[in-house]
Amino acid sequence: MDDMVTITLNGTEIKAQKGTPLLSIAREKNVYIPTLCHNDALVPYGVCRMCLVEIEKGGRKRIVTSCNYPAEEGLAVKTDTERVVKTRSIVMELLLARAPENKMIVDLAARLGVKGGRLTEVNDDCILCGMCVRVCDEVVGVSALGFFSRGTSRMPTTPFAEPSETCIGCGSCVYVCPTGYIKMEDKDGTRYIHNWKVALKMATCKKCGMYIAPQRQLDYIRKTADLPEDFYDLCFSCR
Amino acid sequence: MIDKYAVFVPNLTNRAENFTSGHRACQGCAEALAVRHVLKALGHDIVISNATGCMEIVSSPLPLTAWNVPWIHVTFENAGAVASGVAAGLKVLMRKGKIPEKRIVSVGMGGDGATTDIGLQALSGALERMHKDFLYVCFDNEAYMNTGIQRSSSTPYGAATTTSPAGKDSIGQHTWKKNMAAIAVAHDIPYVATACSSYPFDLQAKVIKAVESGGPAYLHVLSVCPTGWRIPSHLAIKYGRLAVETGVFPLYEVQDGKYRMTADIPKLRPVRDYLSGQGRFRHLTDTDIDIIQKRVTKEYDKLISLHKSNNG
C-alpha cells in the first residue's frame, strides 16, 4: 500500500493510487468536472481546459488541468472555487465564440451558466481537441490524421488534405468527436467520411449480401490479427 | 447508425460499470447485456425503478446488489407509477432547494410481462402525464422467463411456452405479439424507439437521444433469452441480429411522431433463418412459417412506408 496517497477533494479526505489523474478520482466520487477532450482510452492531452481545478500544495494555490495532473500526497483539490469557475467561464466563452451554433457547446455553456456575445464569433464546429487525431493513432493504430498548419488556421486533416489512403473507415473519430464536426454516412454500399474525403466500398457477405464493414477495414484487421484470407467472407449471422 | 462502429469503438465507450458483474443471470443472457449498455449510456445521474422480473431477481439477492446507482425494486404493476413519483419527487426537492438543481433522469425498467401485461396502465398513465426527464425501458424477452417461461402478450405467434405448449392441437402461442412501441407512440410522447442488445451502439445512441428528448421517452429492447428461446447460450447475439435482419423485430425510432428506420438492411432474410434454430419454434410446419412470413412482411412494409413518408 506504499503507493496510496491521501488527498482532499472539496474538503473530503480520500485515499487514491499515487499518480492517478485527479479527473478520474473526481469522476469515481461523482464530482462533476466538464471535459471535451477526454476519453479513458486515450492518453490525457489537456487542451480543452474545461477540466480546470484548483490545487493547493505547500501553501501555494494553482490552477491545473485535472485530466493530466497526478494525485500526490497531501494535495488539496477544489473543483468549484471562484477562481476555477471564473477561469473556466472564460475558456467556455472562447469556445462558445468559436462554435456558437453547436448544440453540444451551447448546452455545456448553458449548464455552466456562461453567456456569449462579448467576442467575435467564428462559427467553426471543430474545437481542435485532437480527439480524432489521437484516437486514430492510439486506438486504431492507423495514424491517418494529423494537425495541419498553426495558429488560427490549425485544423485536423489527412496528409496534404487529400483523400486519405490509409483511413480504414472505422468511424472511431466520428464516435469520439465531442461536437459532431466529423460527418460519416453509409449510402448504397459505400461509406463516406466527408471530412477526410474518403469513400470506401463496403464488403458484402458472400451468402446473404448484407454489408459487413468497409473492405479496407477488414483487410487491415485481417492483416494485424493474422486471420485467414476467407475470415470475413461471411457476415456475423451467416457464420 | 447501425454496425458502423464495429471494432475499435468498443474501446472508447463509457468504462464505468453501473450494472456490475457477478449477478445471477443465466449464461449468455442478452438482457443483462442490454441493461449494462443502457446504464453505460445513462451515466450516474439516474434513479431506477425496476419492476419484478428477471433483472430484478438476478441482481438483488439480499444482501447483495449489482447496481451502482440508486435503484428501487417495485412490483409488476407499478414501475411506471413509481418512476413518475420519483420524477415528481425530484422536481419538488429541487424546487425546495433540498438537492442541487440538475438533470436527474427517472428510469422505469421492466420486462415484457411488467410492461405489456401487468404494468401497462401505470405506464400509460406515466406517459400521459408528460413527466420531464422520464425514461421507460422495456426489456422484452418474449415471455415470463423469470418464473419459468409462461406466455405474455409479447410472446410471438407460434412460440411454445409452458402455458402455451405446442402439441397435436396447438401450435403454441396463437395470437400475435403485442405492438407495444405503437402503443407508446399513440401517447404522442417525444421519443419512442426499438433497440436490441446485438446492436449496442445503436442502443446506446437511442438511450442518449431518449434522455435528450426531455419528455417521457419509451424504449423497447429485444433481449434474447437463450433459456426460454431454447437456443445454445453462445448464440444470443446472433439471434438478436437475425431478428432484425429478418424483419421480425425491426429497429426504428419515432421522434415527435416521425418514423425513421435505423437499420440499413438492403434485403430482408427469410424468417425461416430466425425461426429454424430456436427450440420454441421447432414444431412449426412450412405452412405456419409462411403465415408468419406474410405477417412479418406486411408489418415491415407498413414501417417502411411510414419511414418514406416521414423522410421524403
# chains A, B, ... in the order shown; residues from 1 in each chain; ligands from 1
>>> interface_residues(of="chain A", to="chain B", cutoff="8 Å", atoms="only C-alpha atoms", output="number ranges by chain")
A: 30, 39-41, 139-140, 170-172, 175-176, 208-210, 212-213, 236-237
>>> select_by_dssp(residues="stretch 78-125 of chain B", states="strand (DSSP E or B)", output="ChimeraX atom specification")
/B:105-111
>>> write_last_selection(atoms="C-alpha atoms", output="PDB file, in the first residue's frame")
ATOM      1  CA  VAL B 105     -33.411  11.033 -15.066  1.00  0.00           C
ATOM      2  CA  SER B 106     -36.075   8.823 -13.563  1.00  0.00           C
ATOM      3  CA  VAL B 107     -35.804   5.480 -15.294  1.00  0.00           C
ATOM      4  CA  GLY B 108     -38.514   2.851 -15.192  1.00  0.00           C
ATOM      5  CA  MET B 109     -37.449  -0.650 -16.139  1.00  0.00           C
ATOM      6  CA  GLY B 110     -39.467  -3.751 -16.670  1.00  0.00           C
ATOM      7  CA  GLY B 111     -39.640  -6.945 -18.590  1.00  0.00           C
TER       8      GLY B 111
END
>>> residues_around(residues="A:Pro228", least_positions_apart="6", cutoff="12 Å", atoms="only C-alpha atoms", output="list of chain:residue names")
A:Leu218, A:Asp219, A:Ile221, A:Arg222
>>> closest_residue(among="A:Cys177, A:Val106, A:Ala26, A:Met92", to="A:Tyr69", atoms="only C-alpha atoms")
A:Ala26
>>> residues_around(residues="B:Ala66", least_positions_apart="3", cutoff="7 Å", atoms="only C-alpha atoms", output="PyMOL selection string")
chain B and resi 19-21+23+59-60
>>> write_last_selection(atoms="N, CA and C atoms", output="PDB file, in the first residue's frame")
ATOM      1  N   PHE B  19     -23.958  -1.494 -13.797  1.00  0.00           N
ATOM      2  CA  PHE B  19     -24.593  -2.797 -13.584  1.00  0.00           C
ATOM      3  C   PHE B  19     -23.431  -3.787 -13.574  1.00  0.00           C
ATOM      4  N   THR B  20     -23.026  -4.188 -12.392  1.00  0.00           N
ATOM      5  CA  THR B  20     -21.739  -4.869 -12.269  1.00  0.00           C
ATOM      6  C   THR B  20     -21.836  -6.358 -12.577  1.00  0.00           C
ATOM      7  N   SER B  21     -20.683  -6.957 -12.772  1.00  0.00           N
ATOM      8  CA  SER B  21     -20.646  -8.403 -12.993  1.00  0.00           C
ATOM      9  C   SER B  21     -20.909  -9.116 -11.669  1.00  0.00           C
ATOM     10  N   HIS B  23     -23.737 -10.832 -11.045  1.00  0.00           N
ATOM     11  CA  HIS B  23     -25.166 -11.058 -10.837  1.00  0.00           C
ATOM     12  C   HIS B  23     -25.506 -12.486 -11.288  1.00  0.00           C
ATOM     13  N   SER B  59     -30.276  -9.577  -9.835  1.00  0.00           N
ATOM     14  CA  SER B  59     -29.317  -8.537  -9.471  1.00  0.00           C
ATOM     15  C   SER B  59     -29.384  -8.140  -8.003  1.00  0.00           C
ATOM     16  N   SER B  60     -30.399  -8.602  -7.284  1.00  0.00           N
ATOM     17  CA  SER B  60     -30.551  -8.074  -5.923  1.00  0.00           C
ATOM     18  C   SER B  60     -30.906  -9.138  -4.888  1.00  0.00           C
TER      19      SER B  60
END
>>> select_by_dssp(residues="stretch 1-74 of chain A", states="helix (DSSP H, G or I)", output="list in words")
Leu22, Leu23, Ser24, Ile25, Ala26, Arg27 and Glu28 of chain A
>>> residues_around(residues="A:Val43", least_positions_apart="4", cutoff="10 Å", atoms="only C-alpha atoms", output="VMD selection string")
chain A and resid 38 to 39 67 to 68 134 to 135 138
>>> write_last_selection(atoms="C-alpha atoms", output="PDB file, in the first residue's frame")
ATOM      1  CA  HIS A  38     -11.042  13.347 -22.503  1.00  0.00           C
ATOM      2  CA  ASN A  39     -11.589   9.653 -23.094  1.00  0.00           C
ATOM      3  CA  CYS A  67      -7.145  15.213 -16.623  1.00  0.00           C
ATOM      4  CA  ASN A  68      -3.357  15.003 -16.534  1.00  0.00           C
ATOM      5  CA  ARG A 134      -5.252  10.837 -31.119  1.00  0.00           C
ATOM      6  CA  VAL A 135      -7.817   8.039 -31.436  1.00  0.00           C
ATOM      7  CA  GLU A 138      -3.516   5.412 -30.181  1.00  0.00           C
TER       8      GLU A 138
END
